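Participant: First the structure, which I've put down as structure tokens, then a few questions once you've had a look.
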Amino acid sequence: MPEIPVLDSERLRLRGWTSSDTEALRRIYGDPATMRYIGDGSTMPPDRAWHALAYLLGHWELRGYGMWAITERSTDAVLGRVGLYRPEGWPGVELGWLLDRSRWGEGLATEAAQLAASWVWETLAVDRLIHLIQPDNHASIRVAEKLGAAFDHRMDLDGTTVDVYALGRPTAV
């Protein structure tokens, strides 16, 4: 398995997943408000958190990139996930984020996504990132726009309407 890089910002650390993160995933994926705009909006049953953890780690193995655990630097508490997602058949390399509802409104999703995007531009031969956002998810639209992304088009993805926001490689990295 490739070594998952550790990235630090002032408040956050993005790190690889460990088995001890299962309980945090249960809490985050089990919250209806947090999951409202993820996929079909369903929460994940508690017994599926380990499978989700294995999926997150497997993406790194298969693609060489994936989602990090967003942790608070001062406590190592897991606050959510951020990073790249491109399963088979996906419309592009997606930079996505999911943050525990208890930490919404603090700018943490933007901070984590900026850190991940910087790593992408410095490390990978990717010229375009996308964000797949449901049209009513105004908070995630704001994060995408703060990253410099702009609305590209609307599409159906597995029965869910999403707006595709696109972000090209900066000219000076």
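Each chain in the structure tokens gets a letter, A, B and so on, in the order shown; residues start at 1 in every chain, and ligands are counted from 1 in the order they appear.
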Gly96 of chain A: which residues within 7 Å, counting only C-alpha atoms, same-chain residues fewer than 4 positions away excluded, as a PyMOL selection string?

Facilitator: chain A and resi 82-84+131

Participant: In segment 15-173 of chain A, what's strand (DSSP E or B) per DSSP? Answer as number ranges by chain?

Facilitator: A: 15, 67-72, 78-85, 94-99, 128-133, 150-157, 160-168

Participant: Write out, as a CSV table (one decimal), in the first residue's frame, the residues just selected, with N, CA and C atoms.

Facilitator:
```
chain,number,residue,atom,x,y,z
A,15,ARG,N,-4.5,12.9,7.5
A,15,ARG,CA,-3.7,11.7,7.7
A,15,ARG,C,-4.4,10.5,7.2
A,67,MET,N,-8.9,9.6,0.0
A,67,MET,CA,-9.5,10.5,1.0
A,67,MET,C,-8.6,10.4,2.3
A,68,TRP,N,-8.3,11.5,2.9
A,68,TRP,CA,-7.7,11.6,4.2
A,68,TRP,C,-8.7,11.7,5.3
A,69,ALA,N,-8.3,11.3,6.5
A,69,ALA,CA,-9.0,11.6,7.7
A,69,ALA,C,-8.7,13.1,8.0
A,70,ILE,N,-9.7,13.9,8.2
A,70,ILE,CA,-9.5,15.3,8.7
A,70,ILE,C,-9.4,15.2,10.2
A,71,THR,N,-8.3,15.6,10.8
A,71,THR,CA,-8.2,15.5,12.3
A,71,THR,C,-7.8,16.9,12.8
A,72,GLU,N,-8.2,17.2,14.0
A,72,GLU,CA,-7.8,18.4,14.7
A,72,GLU,C,-6.4,18.2,15.2
A,78,VAL,N,-11.1,12.9,14.9
A,78,VAL,CA,-11.5,12.8,13.5
A,78,VAL,C,-12.7,13.7,13.3
A,79,LEU,N,-12.6,14.6,12.4
A,79,LEU,CA,-13.6,15.6,12.1
A,79,LEU,C,-14.4,15.3,10.8
A,80,GLY,N,-13.8,14.4,10.0
A,80,GLY,CA,-14.4,14.1,8.7
A,80,GLY,C,-13.4,13.6,7.7
A,81,ARG,N,-13.7,13.7,6.4
A,81,ARG,CA,-12.8,13.2,5.4
A,81,ARG,C,-12.7,14.3,4.3
A,82,VAL,N,-11.6,14.2,3.6
A,82,VAL,CA,-11.4,15.1,2.4
A,82,VAL,C,-10.4,14.4,1.5
A,83,GLY,N,-10.5,14.7,0.2
A,83,GLY,CA,-9.6,14.1,-0.7
A,83,GLY,C,-10.2,13.8,-2.0
A,84,LEU,N,-9.4,12.9,-2.7
A,84,LEU,CA,-9.8,12.6,-4.1
A,84,LEU,C,-10.6,11.3,-4.1
A,85,TYR,N,-11.5,11.2,-5.1
A,85,TYR,CA,-12.4,10.1,-5.3
A,85,TYR,C,-12.6,9.9,-6.8
A,94,GLU,N,-12.5,13.7,-8.5
A,94,GLU,CA,-13.3,14.5,-7.6
A,94,GLU,C,-12.5,14.8,-6.4
A,95,LEU,N,-12.5,16.1,-6.0
A,95,LEU,CA,-12.1,16.5,-4.7
A,95,LEU,C,-13.3,16.8,-3.8
A,96,GLY,N,-13.5,15.9,-2.8
A,96,GLY,CA,-14.7,16.0,-2.0
A,96,GLY,C,-14.4,16.1,-0.5
A,97,TRP,N,-15.4,16.5,0.2
A,97,TRP,CA,-15.2,16.7,1.7
A,97,TRP,C,-16.5,16.3,2.4
A,98,LEU,N,-16.3,16.0,3.6
A,98,LEU,CA,-17.5,15.7,4.5
A,98,LEU,C,-17.0,16.0,5.9
A,99,LEU,N,-17.7,16.8,6.6
A,99,LEU,CA,-17.3,17.3,7.9
A,99,LEU,C,-18.4,17.0,8.9
A,128,ARG,N,-7.4,18.9,-13.9
A,128,ARG,CA,-8.7,19.4,-13.6
A,128,ARG,C,-9.3,18.5,-12.4
A,129,LEU,N,-9.9,19.2,-11.5
A,129,LEU,CA,-10.6,18.6,-10.4
A,129,LEU,C,-12.1,19.0,-10.5
A,130,ILE,N,-12.9,18.0,-10.1
A,130,ILE,CA,-14.3,18.3,-10.1
A,130,ILE,C,-14.9,18.2,-8.7
A,131,HIS,N,-16.0,18.8,-8.4
A,131,HIS,CA,-16.7,18.7,-7.2
A,131,HIS,C,-18.1,18.4,-7.6
A,132,LEU,N,-18.7,17.3,-7.1
A,132,LEU,CA,-20.1,16.9,-7.5
A,132,LEU,C,-20.9,17.3,-6.3
A,133,ILE,N,-21.8,18.3,-6.5
A,133,ILE,CA,-22.5,18.9,-5.4
A,133,ILE,C,-24.0,18.9,-5.7
A,150,ALA,N,-15.8,26.7,-10.5
A,150,ALA,CA,-17.0,27.4,-11.1
A,150,ALA,C,-17.9,26.3,-11.6
A,151,PHE,N,-19.2,26.6,-11.7
A,151,PHE,CA,-20.2,25.7,-12.2
A,151,PHE,C,-19.9,25.3,-13.6
A,152,ASP,N,-20.0,24.0,-13.9
A,152,ASP,CA,-19.7,23.6,-15.2
A,152,ASP,C,-20.9,23.0,-15.9
A,153,HIS,N,-21.6,22.1,-15.3
A,153,HIS,CA,-22.8,21.6,-15.8
A,153,HIS,C,-23.6,20.7,-14.8
A,154,ARG,N,-24.8,20.4,-15.1
A,154,ARG,CA,-25.6,19.6,-14.2
A,154,ARG,C,-25.7,18.2,-14.8
A,155,MET,N,-25.8,17.1,-14.0
A,155,MET,CA,-25.9,15.8,-14.5
A,155,MET,C,-26.6,14.9,-13.5
A,156,ASP,N,-27.0,13.7,-14.0
A,156,ASP,CA,-27.6,12.7,-13.1
A,156,ASP,C,-26.4,11.7,-12.8
A,157,LEU,N,-26.3,11.4,-11.5
A,157,LEU,CA,-25.3,10.5,-11.1
A,157,LEU,C,-25.9,9.5,-10.2
A,160,THR,N,-29.2,10.6,-8.7
A,160,THR,CA,-29.2,11.9,-8.0
A,160,THR,C,-28.7,13.0,-8.9
A,161,THR,N,-29.4,14.1,-8.9
A,161,THR,CA,-29.0,15.3,-9.6
A,161,THR,C,-27.8,16.0,-8.9
A,162,VAL,N,-26.7,16.2,-9.6
A,162,VAL,CA,-25.6,16.9,-9.1
A,162,VAL,C,-25.2,18.0,-10.0
A,163,ASP,N,-24.6,19.1,-9.4
A,163,ASP,CA,-24.0,20.1,-10.2
A,163,ASP,C,-22.5,19.8,-10.2
A,164,VAL,N,-21.9,19.9,-11.3
A,164,VAL,CA,-20.4,19.7,-11.5
A,164,VAL,C,-19.7,21.0,-11.4
A,165,TYR,N,-18.9,21.2,-10.4
A,165,TYR,CA,-18.1,22.4,-10.3
A,165,TYR,C,-16.7,22.0,-10.7
A,166,ALA,N,-16.0,22.8,-11.5
A,166,ALA,CA,-14.7,22.4,-12.0
A,166,ALA,C,-13.6,23.4,-11.6
A,167,LEU,N,-12.4,22.9,-11.4
A,167,LEU,CA,-11.3,23.7,-11.0
A,167,LEU,C,-10.1,23.2,-11.8
A,168,GLY,N,-9.5,24.1,-12.6
A,168,GLY,CA,-8.3,23.7,-13.4
A,168,GLY,C,-7.0,24.0,-12.6
```

Participant: If we count only C-alpha atoms and set the cut-off at 10 Å, which residues sit around Tyr55 of chain A, ignoring sequence neighbours fewer than 6 positions away in its own chain? Please answer as number ranges by chain.

Facilitator: A: 49, 61, 66-67

Participant: Do you have, as a Markdown table, the list of residues of segment 5-117 of chain A lying at most 8 Å from segment 137-147 of chain A, each with its nearest atom pair and that distance in Å to one decimal, counting only C-alpha atoms and ordered by chain then number?

Facilitator:
```
| residue | atom | partner | partner_atom | distance |
| --- | --- | --- | --- | --- |
| A:Tyr37 | CA | A:Asn137 | CA | 6.7 |
| A:Ala109 | CA | A:Val143 | CA | 7.1 |
| A:Thr110 | CA | A:Val143 | CA | 5.4 |
| A:Ala113 | CA | A:Leu147 | CA | 7.7 |
| A:Gln114 | CA | A:Leu147 | CA | 6.5 |
```

Participant: From the options A:Trp60, A:Tyr65, A:Tyr29, A:Trp17, which residue's atoms come nearest to Val93 of chain A, counting only C-alpha atoms?

Facilitator: A:Tyr65

Participant: Based on DSSP run over this structure's backbone, return all residues of chain A in helix (DSSP H, G or I), as an MDAnalysis selection string.

Facilitator: chainID A and resid 19:29 32:35 46:63 101:103 108:123 138:147

Participant: For C-alpha atoms, I'd like the residues from the last selection saved as a PDB file, in the first residue's frame.

Facilitator:
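Generated output (out-v6.pdb):
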```
ATOM      1  CA  SER A  19      -8.763   1.009  12.611  1.00  0.00           C
ATOM      2  CA  SER A  20      -9.311   3.269  15.625  1.00  0.00           C
ATOM      3  CA  ASP A  21     -11.173   5.705  13.315  1.00  0.00           C
ATOM      4  CA  THR A  22     -14.105   3.293  12.901  1.00  0.00           C
ATOM      5  CA  GLU A  23     -16.093   4.812  15.765  1.00  0.00           C
ATOM      6  CA  ALA A  24     -15.722   8.341  14.357  1.00  0.00           C
ATOM      7  CA  LEU A  25     -16.972   7.100  10.968  1.00  0.00           C
ATOM      8  CA  ARG A  26     -19.955   5.455  12.684  1.00  0.00           C
ATOM      9  CA  ARG A  27     -20.837   8.785  14.298  1.00  0.00           C
ATOM     10  CA  ILE A  28     -20.328  10.901  11.168  1.00  0.00           C
ATOM     11  CA  TYR A  29     -21.962   8.509   8.676  1.00  0.00           C
ATOM     12  CA  PRO A  32     -28.820  12.357   9.003  1.00  0.00           C
ATOM     13  CA  ALA A  33     -27.893  16.059   8.723  1.00  0.00           C
ATOM     14  CA  THR A  34     -24.273  15.273   7.864  1.00  0.00           C
ATOM     15  CA  MET A  35     -25.254  12.693   5.239  1.00  0.00           C
ATOM     16  CA  PRO A  46     -23.155   1.318  12.264  1.00  0.00           C
ATOM     17  CA  ASP A  47     -21.941  -2.130  11.204  1.00  0.00           C
ATOM     18  CA  ARG A  48     -20.888  -0.733   7.793  1.00  0.00           C
ATOM     19  CA  ALA A  49     -18.322   1.744   9.176  1.00  0.00           C
ATOM     20  CA  TRP A  50     -15.520  -0.816   8.980  1.00  0.00           C
ATOM     21  CA  HIS A  51     -16.400  -1.491   5.338  1.00  0.00           C
ATOM     22  CA  ALA A  52     -16.302   2.251   4.641  1.00  0.00           C
ATOM     23  CA  LEU A  53     -12.874   2.437   6.272  1.00  0.00           C
ATOM     24  CA  ALA A  54     -11.625  -0.435   4.092  1.00  0.00           C
ATOM     25  CA  TYR A  55     -13.034   1.337   1.008  1.00  0.00           C
ATOM     26  CA  LEU A  56     -11.246   4.582   1.894  1.00  0.00           C
ATOM     27  CA  LEU A  57      -7.944   2.742   2.317  1.00  0.00           C
ATOM     28  CA  GLY A  58      -8.480   0.638  -0.809  1.00  0.00           C
ATOM     29  CA  HIS A  59      -8.873   3.746  -2.951  1.00  0.00           C
ATOM     30  CA  TRP A  60      -5.318   4.767  -2.006  1.00  0.00           C
ATOM     31  CA  GLU A  61      -4.066   1.308  -2.944  1.00  0.00           C
ATOM     32  CA  LEU A  62      -5.825   1.187  -6.315  1.00  0.00           C
ATOM     33  CA  ARG A  63      -5.382   4.803  -7.439  1.00  0.00           C
ATOM     34  CA  ARG A 101     -21.977  18.512  11.735  1.00  0.00           C
ATOM     35  CA  SER A 102     -20.706  19.620  15.158  1.00  0.00           C
ATOM     36  CA  ARG A 103     -17.887  21.496  13.358  1.00  0.00           C
ATOM     37  CA  LEU A 108     -12.619  23.690   8.387  1.00  0.00           C
ATOM     38  CA  ALA A 109     -13.950  22.118   5.168  1.00  0.00           C
ATOM     39  CA  THR A 110     -12.390  24.919   3.126  1.00  0.00           C
ATOM     40  CA  GLU A 111      -9.116  24.686   5.037  1.00  0.00           C
ATOM     41  CA  ALA A 112      -8.947  20.909   4.533  1.00  0.00           C
ATOM     42  CA  ALA A 113      -9.919  21.092   0.850  1.00  0.00           C
ATOM     43  CA  GLN A 114      -7.322  23.803   0.152  1.00  0.00           C
ATOM     44  CA  LEU A 115      -4.656  21.646   1.769  1.00  0.00           C
ATOM     45  CA  ALA A 116      -5.692  18.623  -0.314  1.00  0.00           C
ATOM     46  CA  ALA A 117      -5.859  20.672  -3.537  1.00  0.00           C
ATOM     47  CA  SER A 118      -2.358  22.045  -2.944  1.00  0.00           C
ATOM     48  CA  TRP A 119      -1.066  18.484  -2.567  1.00  0.00           C
ATOM     49  CA  VAL A 120      -2.773  17.492  -5.834  1.00  0.00           C
ATOM     50  CA  TRP A 121      -1.228  20.342  -7.812  1.00  0.00           C
ATOM     51  CA  GLU A 122       2.233  19.711  -6.334  1.00  0.00           C
ATOM     52  CA  THR A 123       2.169  15.907  -6.623  1.00  0.00           C
ATOM     53  CA  HIS A 138     -25.204  25.801  -0.542  1.00  0.00           C
ATOM     54  CA  ALA A 139     -22.444  25.283   2.050  1.00  0.00           C
ATOM     55  CA  SER A 140     -20.481  22.954  -0.258  1.00  0.00           C
ATOM     56  CA  ILE A 141     -21.038  25.268  -3.213  1.00  0.00           C
ATOM     57  CA  ARG A 142     -19.415  28.043  -1.148  1.00  0.00           C
ATOM     58  CA  VAL A 143     -16.442  25.781  -0.356  1.00  0.00           C
ATOM     59  CA  ALA A 144     -16.025  24.914  -4.053  1.00  0.00           C
ATOM     60  CA  GLU A 145     -16.160  28.584  -5.016  1.00  0.00           C
ATOM     61  CA  LYS A 146     -13.595  29.492  -2.333  1.00  0.00           C
ATOM     62  CA  LEU A 147     -11.309  26.911  -3.942  1.00  0.00           C
TER      63      LEU A 147
END
```
